[in-house]
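Data block for run_5.cif (mmCIF, C-alpha atoms):
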data_coords
#
loop_
_atom_site.label_atom_id
_atom_site.label_comp_id
_atom_site.auth_asym_id
_atom_site.auth_seq_id
_atom_site.Cartn_x
_atom_site.Cartn_y
_atom_site.Cartn_z
CA MET D 181 -16.60 17.07 -16.63
CA LYS D 182 -16.58 14.19 -19.06
CA ILE D 183 -14.23 11.26 -19.61
CA ALA D 184 -13.10 11.01 -23.22
CA VAL D 185 -11.14 8.05 -24.53
CA ILE D 186 -9.01 7.92 -27.66
CA ALA D 187 -7.18 4.77 -28.75
CA ASP D 188 -5.19 3.64 -31.74
CA ILE D 189 -3.59 0.42 -32.90
CA ILE D 190 0.16 0.39 -32.47
CA ALA D 191 2.05 -0.11 -35.75
CA SER D 192 -1.15 -1.08 -37.59
CA LYS D 193 0.45 -0.41 -40.97
CA LYS D 194 2.84 -3.29 -40.34
CA MET D 195 0.00 -5.77 -39.87
CA ASP D 196 -0.40 -8.16 -42.79
CA ASN D 197 -4.21 -8.10 -43.01
CA ARG D 198 -5.39 -4.62 -42.05
CA ALA D 199 -8.86 -5.14 -43.52
CA ARG D 200 -9.47 -8.17 -41.32
CA LEU D 201 -7.95 -6.34 -38.36
CA GLN D 202 -10.51 -3.56 -38.83
CA GLU D 203 -13.33 -6.11 -38.89
CA VAL D 204 -12.14 -7.63 -35.63
CA LEU D 205 -11.91 -4.21 -33.99
CA ASP D 206 -15.34 -3.15 -35.25
CA HIS D 207 -16.92 -6.30 -33.81
CA ILE D 208 -15.28 -5.81 -30.41
CA LEU D 209 -16.38 -2.16 -30.24
CA GLU D 210 -19.93 -3.11 -31.17
CA GLU D 211 -20.03 -5.66 -28.35
CA ILE D 212 -18.64 -3.18 -25.82
CA ASN D 213 -21.04 -0.40 -26.85
CA THR D 214 -23.92 -2.81 -26.32
CA GLN D 215 -22.63 -4.30 -23.08
CA PHE D 216 -22.03 -0.89 -21.49
CA SER D 217 -24.79 1.07 -23.22
CA ASN D 218 -25.96 2.58 -19.92
CA GLN D 219 -22.48 3.84 -18.98
CA ILE D 220 -21.20 4.97 -22.39
CA GLU D 221 -22.44 8.47 -23.23
CA SER D 222 -21.08 8.55 -26.77
CA ASN D 223 -20.35 5.24 -28.46
CA LEU D 224 -16.81 4.15 -29.14
CA THR D 225 -16.49 4.97 -32.83
CA VAL D 226 -13.75 4.41 -35.40
CA THR D 227 -12.69 7.86 -36.62
CA LEU D 228 -9.71 6.78 -38.73
CA GLY D 229 -8.60 3.41 -39.98
CA ASP D 230 -6.74 2.52 -36.80
CA GLU D 231 -8.19 4.99 -34.28
CA PHE D 232 -11.41 5.22 -32.28
CA GLN D 233 -12.89 7.45 -29.59
CA GLY D 234 -15.86 7.85 -27.27
CA ILE D 235 -17.17 9.34 -24.03
CA ILE D 236 -17.68 7.16 -20.95
CA GLY D 237 -19.73 8.15 -17.92
CA ASP D 238 -17.38 7.12 -15.09
CA CYS D 239 -13.77 6.13 -14.58
CA TYR D 240 -14.54 2.61 -13.29
CA THR D 241 -16.28 1.80 -16.57
CA ALA D 242 -13.58 3.57 -18.61
CA PHE D 243 -10.82 1.44 -17.08
CA LEU D 244 -12.86 -1.74 -17.45
CA VAL D 245 -13.71 -1.00 -21.08
CA ILE D 246 -10.02 -0.35 -21.80
CA ASP D 247 -9.01 -3.64 -20.18
CA LEU D 248 -11.66 -5.65 -22.00
CA ILE D 249 -11.00 -4.17 -25.44
CA ASP D 250 -7.24 -4.30 -25.03
CA THR D 251 -7.17 -7.95 -23.96
CA LYS D 252 -9.88 -9.12 -26.36
CA LEU D 253 -8.16 -7.53 -29.37
CA LYS D 254 -4.90 -9.27 -28.52
CA LEU D 255 -6.63 -12.62 -28.16
CA GLU D 256 -8.72 -12.33 -31.32
CA THR D 257 -5.94 -11.06 -33.57
CA LYS D 258 -3.66 -13.88 -32.46
CA LYS D 259 -6.47 -16.35 -33.06
CA GLN D 260 -7.71 -14.99 -36.39
CA LEU D 261 -4.67 -13.26 -37.90
CA ASN D 262 -1.81 -15.11 -36.21
CA GLU D 263 -0.32 -11.81 -35.03
CA GLU D 264 -1.04 -9.70 -31.97
CA ALA D 265 -2.45 -6.18 -32.26
CA SER D 266 -1.86 -3.81 -29.37
CA LEU D 267 -3.48 -0.49 -28.48
CA ARG D 268 -2.32 2.75 -26.94
CA TRP D 269 -4.85 4.75 -24.92
CA GLY D 270 -5.41 8.37 -24.03
CA ILE D 271 -7.91 9.25 -21.29
CA GLY D 272 -8.95 12.89 -21.07
CA ILE D 273 -11.00 14.44 -18.29
CA GLY D 274 -12.56 17.83 -18.90
CA ASP D 275 -15.51 19.69 -20.35
CA ILE D 276 -17.26 18.98 -23.63
CA LEU D 277 -18.08 22.23 -25.43
CA THR D 278 -20.35 20.84 -28.12
CA PRO D 279 -23.56 18.89 -27.40
CA ILE D 280 -23.72 15.14 -27.95
CA LYS D 281 -26.39 15.11 -30.66
CA ASP D 282 -26.16 11.44 -31.54
CA LYS D 283 -24.95 8.93 -28.95
CA THR D 284 -24.39 6.24 -31.55
CA ILE D 285 -21.42 7.99 -33.16
CA SER D 286 -18.59 9.97 -31.55
CA ILE D 287 -17.95 12.46 -34.33
CA GLY D 288 -18.44 16.22 -34.18
CA THR D 289 -18.05 16.47 -30.41
CA ASP D 290 -15.17 18.55 -29.06
CA GLY D 291 -13.77 20.20 -25.96
CA PRO D 292 -11.03 19.93 -23.29
CA ALA D 293 -11.91 16.30 -22.52
CA TYR D 294 -10.93 15.28 -26.06
CA TRP D 295 -8.01 17.70 -26.13
CA ASN D 296 -6.66 16.10 -22.96
CA ALA D 297 -7.21 12.61 -24.35
CA ARG D 298 -5.27 13.58 -27.48
CA ALA D 299 -2.44 15.02 -25.37
CA ALA D 300 -2.39 11.81 -23.33
CA ILE D 301 -2.14 9.46 -26.31
CA GLU D 302 0.56 11.60 -27.89
CA ARG D 303 2.50 11.43 -24.62
CA VAL D 304 2.16 7.63 -24.61
CA HIS D 305 3.45 7.58 -28.18
CA SER D 306 6.58 9.52 -27.26
CA GLU D 307 7.18 8.12 -23.75
CA ASN D 308 6.12 4.49 -23.73
CA ASP D 309 8.81 3.04 -21.43
CA TYR D 310 10.02 0.57 -24.07
CA GLY D 311 6.48 -0.45 -24.88
CA GLU D 312 5.42 -1.16 -21.30
CA THR D 313 3.26 1.96 -20.90
CA THR D 314 0.29 2.04 -23.28
CA GLU D 315 -2.17 4.22 -21.37
CA ARG D 316 -2.24 7.68 -19.82
CA VAL D 317 -4.72 10.11 -18.27
CA GLU D 318 -4.61 13.91 -18.63
CA THR D 319 -6.63 16.66 -16.97
CA ASN D 320 -6.46 20.43 -16.70
CA THR D 321 -4.85 20.18 -13.25
CA GLU D 322 -1.64 18.79 -11.79
CA VAL D 323 -3.06 15.59 -10.25
CA GLY D 324 -2.20 13.46 -13.27
CA PRO D 325 1.44 12.49 -12.47
CA PHE D 326 0.48 10.44 -9.41
CA TRP D 327 -2.35 8.67 -11.22
CA ASN D 328 -0.10 7.92 -14.19
CA SER D 329 2.60 6.44 -11.97
CA ILE D 330 0.02 3.87 -10.84
CA ILE D 331 -1.21 3.31 -14.40
CA LYS D 332 2.36 2.54 -15.49
CA LEU D 333 2.55 -0.26 -12.94
CA GLN D 334 -0.86 -1.54 -14.00
CA ASN D 335 0.22 -1.50 -17.65
CA THR D 336 3.33 -3.50 -16.80
CA ILE D 337 1.13 -6.26 -15.40
CA ARG D 338 -1.43 -6.23 -18.23
CA ASN D 339 1.08 -6.04 -21.07
CA ASP D 340 3.09 -8.98 -19.70
CA TRP D 341 0.16 -11.43 -19.76
CA THR D 342 0.72 -14.51 -21.93
CA THR D 343 -2.09 -15.81 -24.12
CA THR D 344 -3.41 -18.20 -21.47
CA GLN D 345 -3.14 -15.47 -18.86
CA GLN D 346 -5.03 -13.10 -21.17
CA GLU D 347 -7.81 -15.68 -21.46
CA THR D 348 -8.08 -15.93 -17.69
CA ALA D 349 -7.85 -12.18 -17.09
CA TYR D 350 -10.38 -11.36 -19.81
CA THR D 351 -12.90 -13.87 -18.46
CA ALA D 352 -12.45 -12.64 -14.90
CA LEU D 353 -12.82 -8.99 -15.89
CA ASN D 354 -15.81 -9.68 -18.12
CA VAL D 355 -17.64 -11.64 -15.42
CA PHE D 356 -16.65 -9.81 -12.24
CA GLY D 357 -15.43 -6.40 -13.36
CA TYR D 358 -13.16 -5.18 -10.60
CA GLU D 359 -15.14 -6.90 -7.85
CA GLU D 360 -14.15 -9.99 -5.86
CA ILE D 361 -13.43 -13.04 -8.01
CA ASP D 362 -15.18 -16.31 -7.19
CA ASN D 363 -12.83 -19.12 -8.27
CA GLN D 364 -15.59 -21.67 -8.80
CA ARG D 365 -17.69 -19.34 -10.92
CA LEU D 366 -14.60 -18.35 -12.92
CA LYS D 367 -13.83 -22.03 -13.50
CA GLN D 368 -17.35 -22.64 -14.82
CA GLN D 369 -17.14 -19.68 -17.17
CA MET D 370 -13.69 -20.70 -18.42
CA ASN D 371 -14.96 -24.21 -19.11
CA GLN D 372 -17.88 -22.80 -21.08
CA SER D 373 -15.96 -20.11 -22.98
CA TYR D 374 -13.02 -22.25 -24.06
CA ARG D 375 -14.76 -25.66 -24.18
CA LYS D 376 -12.19 -27.20 -21.86
CA SER D 377 -12.29 -28.78 -18.45
CA PHE D 378 -10.13 -26.62 -16.20
CA SER D 379 -9.23 -27.98 -12.79
CA GLU D 380 -9.56 -25.88 -9.67
CA GLN D 381 -5.78 -26.04 -9.30
CA THR D 382 -5.26 -24.66 -12.82
CA ILE D 383 -7.67 -21.79 -12.20
CA SER D 384 -5.99 -21.00 -8.89
CA LYS D 385 -2.54 -20.99 -10.53
CA ARG D 386 -3.73 -18.74 -13.35
CA ILE D 387 -5.29 -16.27 -10.93
CA LYS D 388 -2.01 -16.14 -9.06
CA SER D 389 0.19 -15.82 -12.15
CA THR D 390 -1.89 -13.03 -13.70
CA HIS D 391 -2.07 -11.08 -10.43
CA ILE D 392 -5.62 -10.36 -11.56
CA LYS D 393 -6.96 -9.88 -8.05
CA GLN D 394 -4.32 -7.30 -7.22
CA TYR D 395 -4.71 -5.71 -10.64
CA SER D 396 -8.49 -5.40 -10.28
CA GLN D 397 -8.22 -3.96 -6.79
CA SER D 398 -5.70 -1.38 -7.97
CA ARG D 399 -7.85 -0.36 -10.95
CA LYS D 400 -10.94 -0.06 -8.76
CA GLN D 401 -9.19 2.05 -6.12
CA LEU D 402 -7.64 4.38 -8.69
CA ALA D 403 -11.01 4.79 -10.40
CA GLU D 404 -12.58 5.68 -7.05
CA GLN D 405 -9.88 8.27 -6.37
CA ILE D 406 -10.36 9.88 -9.77
CA GLU D 407 -14.14 9.89 -9.33
CA GLN D 408 -13.81 11.59 -5.94
CA TRP D 409 -11.59 14.25 -7.50
CA ARG D 410 -13.96 14.64 -10.44
CA SER D 411 -16.95 15.11 -8.14
CA ALA D 412 -15.12 17.69 -6.03
CA TYR D 413 -13.75 19.55 -9.04
CA ASP D 414 -16.95 19.49 -11.08
CA TYR D 415 -19.07 21.96 -9.14
#

I need this file expressed as structure tokens, please.
Amino acid sequence: MKIAVIADIIASKKMDNRARLQEVLDHILEEINTQFSNQIESNLTVTLGDEFQGIIGDCYTAFLVIDLIDTKLKLETKKQLNEEASLRWGIGIGDILTPIKDKTISIGTDGPAYWNARAAIERVHSENDYGETTERVETNTEVGPFWNSIIKLQNTIRNDWTTTQQETAYTALNVFGYEEIDNQRLKQQMNQSYRKSFSEQTISKRIKSTHIKQYSQSRKQLAEQIEQWRSAYDY
């Protein structure tokens, strides 16, 4: 059973500079495909102007990739375009019926994993809880509702981050993944990334205000639960 991801930019046609938006997205996807080349089985690839898809080897990486792309796109579009672009995500777990002939491009591959991802993103489109829910997982079984109730809470945290909180969360996730955060190391990376001198107190306050430790722990535990189910189901 594979994990397919489909994402699209919310209300992209209303963005003033769609060409530049596409360039920003392409650059972020290229970075992610390189960074997680060992875990991504079929590269995240733009299939339409505002949509991309790919196949990721495990749920931990899938969640982390979603968090990194989602947060980075918001930061970069605010910085470069002066308007924030947001994504909706569909995660599908299931079989792939056609072989992955070329890892570098996710086109021409099909099966229940992608069908479930498509169903998930369509469900997000129609039931987004006033914009708070931007991600959903679908499978061929009935385990999804419980997982999605947790994802809704996770989305509420992530989608409420301010710009400074997004900077902190993105750095923490990029450096530590969903593992334990070292405040001193995070401070050093923040200083380097944003060319500022953050105090230990500021870093501590930002960690608290983002709830990034609780968020990361929740994402990690949900990923582990899904992986346990996937291993048991995929026999």

Selection result of the PyMOL selection byres ((chain D and resi 261-278) around 6) on this file, as JSON, numbers by chain: {"D": [181, 182, 183, 184, 185, 186, 187, 188, 189, 190, 254, 257, 258, 259, 260, 279, 289, 290, 291, 292, 293, 294, 296, 297, 300, 301, 314, 315, 316, 317, 318, 319]}

Would you write out, as CSV, a table of all residues in region 325-386 of chain D that have an atom no more than 12 Å from an atom of region 209-220 of chain D, listing for each the closest atom pair and the distance in Å to one decimal, considering all atoms listed in the file and ordering rows by chain and rising residue number?
residue,atom,partner,partner_atom,distance
D:Asn354,CA,D:Gln215,CA,10.0
D:Val355,CA,D:Gln215,CA,11.7
D:Gly357,CA,D:Phe216,CA,11.8

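Taking all atoms listed in the file into account, Lys194 (chain D) lies nearest to D:Asp230 out of the set D:Gln345, D:Tyr413, D:Asp230, D:Phe378.
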
Phe356 (chain D) surroundings by only C-alpha atoms, 10 Å radius, close-in-sequence under 6 positions cut, as JSON, numbers by chain: {"D": [350, 362, 365, 366, 396]}

Residue nearest Ser398 (chain D) among D:Glu231, D:Glu203, D:Asp282, D:Glu359 (counting all atoms listed in the file): D:Glu359

Point-to-point distance in Å for CA of Asp196 (chain D) and CA of Glu307 (chain D): 26.2 Å

Point (-6.7, 6.0, -8.6), cut-off 9 Å, counting only C-alpha atoms, residues as JSON, numbers by chain: {"D": [326, 327, 328, 330, 331, 398, 399, 400, 401, 402, 403, 404, 405, 406, 407]}

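Across the structure, CA of Ile383 (chain D) and CA of Asn335 (chain D) are spaced 22.4 Å apart.
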
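CA of Tyr395 (chain D) sits 6.6 Å away from CA of Gln334 (chain D).
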
Chain and number of each residue from the PyMOL selection byres ((chain D and resi 382) around 12), as a list in words: Thr344, Gln345, Thr348, Asn363, Gln364, Leu366, Lys367, Met370, Asn371, Lys376, Ser377, Phe378, Ser379, Glu380, Gln381, Ile383, Ser384, Lys385, Arg386, Ile387, Lys388 and Ser389 of chain D

Answer key for the PyMOL selection byres ((chain D and resi 224-228) around 8), residues as an MDAnalysis selection string: chainID D and resid 206 209 213 222:223 229:235 285:287

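Around Gln346 (chain D), within 8 Å and counting only C-alpha atoms, the residues found are Thr251, Leu255, Trp341, Thr342 and Tyr350 of chain D, once anything fewer than 4 positions away on its own chain is removed.
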